[in-house]
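This report refers to the structure that appears directly beneath it.
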Amino acid sequence: MDGKADLHVHTTFSDGSLSPREIVELAKKAGLTTISITDHDHIGALDEARQVGRTLGVDVIPGVELSASVEDQDIHILGYFIDCANNRLLDYLSHLRTERFKRAERIVEKLNGLNVPLPFDAVLEQAKHGSIGRPHIANALVDEGLIEFYYEAFVKYLGAGKPAYEKKFHISPREAIDLISSSGGLSFIAHPGNGIDENLLVSLINDGVDGIEVIHPAHSPVLVSYYRGIASEYYLLTTGGSDFHGGRKNGMDLLGRYTIPEAEVEIMRRRLRPA
């Protein structure tokens, strides 16, 4: 119960820069006892990560990060302790990845129409087996010499309202929460400090979410205290993590800097398996 957990980590199966094995090895070096791999719309990293975790003594909680929306506002829902063999979950994640692929095609078409000659194959090379997203397009733009810096892609082309922006396929938060619940998992509002106001937060709580991500790089100490208060008021669970991606997105030294104690993970387990 004295260990540390980082429950928001991405691998090459979505928009992270490290393989499942590399993530677990880095977590071990960072002194973590538990992590959750929460790739976007993908659970392909979990088998390898859990196998390596058993060897190194790092507990890997099966997780996922789902994209939802309310009136065009993006909302991310983290799912923990999911059943990776649940057919409904697997079918839906496959559908989401197909929609991501189509969106990436449309973005590249728009870029080409803007005289930005990015080949779609260069994006596929970035994504490899993973769930394709805008970070892969941004990295491809840098590697192809079409822009200088990673975030320049979002400022010039890929951000909301920019000329190559395409909306992502979304479900409602309630649907995301239900999908996680039906696969045996617990649902958490990811990084609410990124634009979720109090009214929307209460609405998500009313939708049946199990908890809130309290610890996150985007959350100041004031926000951490605020979200802990909200969780206490509504009898919600709390989680936290580094939202690690590595690479150009947020560097390689973030894993393990934003953690929660193992005691909070045990509370989650007890919620799933009450005495």
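Identifiers for the structure tokens are assigned positionally: chains receive A, B, ... in sequence, residues are indexed from 1 per chain, and ligands are indexed from 1 in the order shown.
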
Ser94 of chain A environment, 10 Å, only C-alpha atoms, sequence neighbours closer than 6 positions dropped, as a VMD selection string: chain A and resid 41 to 42 100 131

Could you name the residues that touch Ala138 of chain A at 6 Å or less, counting only C-alpha atoms, but leaving out those on the same chain fewer than 2 positions away, as a list in words? Pro135, His136, Ala140, Leu141, Tyr150 and Ala153 of chain A

Can you pull out the residues contacting Asn112 of chain A? Cut-off 12 Å, using only C-alpha atoms, and skip same-chain residues under 6 positions away; I want them as a compact mmCIF listing (two decimals) with C-alpha atoms, in the first residue's frame.
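That gives us selection.txt:
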```txt
# COMPACT_ATOMS: atom_id res chain seq x y z
CA GLU A 105 -7.74 10.64 -44.64
CA ARG A 106 -9.98 13.72 -44.76
CA LEU A 118 1.87 15.31 -47.03
CA PRO A 119 1.57 11.70 -48.26
CA PHE A 120 -0.97 9.62 -46.34
CA LEU A 141 4.49 16.93 -41.05
CA LEU A 146 6.70 20.54 -44.01
CA TYR A 157 -3.63 23.42 -39.62
CA PRO A 163 -8.15 25.01 -42.22
CA ALA A 164 -7.41 21.26 -42.07
```

Could you name the residues that touch Glu152 of chain A at 12 Å or less, counting only C-alpha atoms, but leaving out those on the same chain fewer than 3 positions away, as a VMD selection string? chain A and resid 135 137 to 139 141 to 142 146 to 149 155 to 159 162 248 to 249

Could you give me, as a PyMOL selection string, each residue of segment 20-264 of chain A that DSSP assigns to strand (DSSP E or B) when run on this structure's backbone? chain A and resi 34-37+40+59-70+73-80+171+186-189+211-215+237-240+244+260-261

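Pairwise distance (atom CA of Ser232 of chain A, atom CA of Ile212 of chain A) equals 10.4 Å.
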
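Atom CA of Leu26 of chain A is found 13.7 Å from atom CA of Gly247 of chain A.
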
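Our summary of the geometry notes that atom CA of Val52 of chain A is positioned 26.5 Å from atom CA of Thr238 of chain A.
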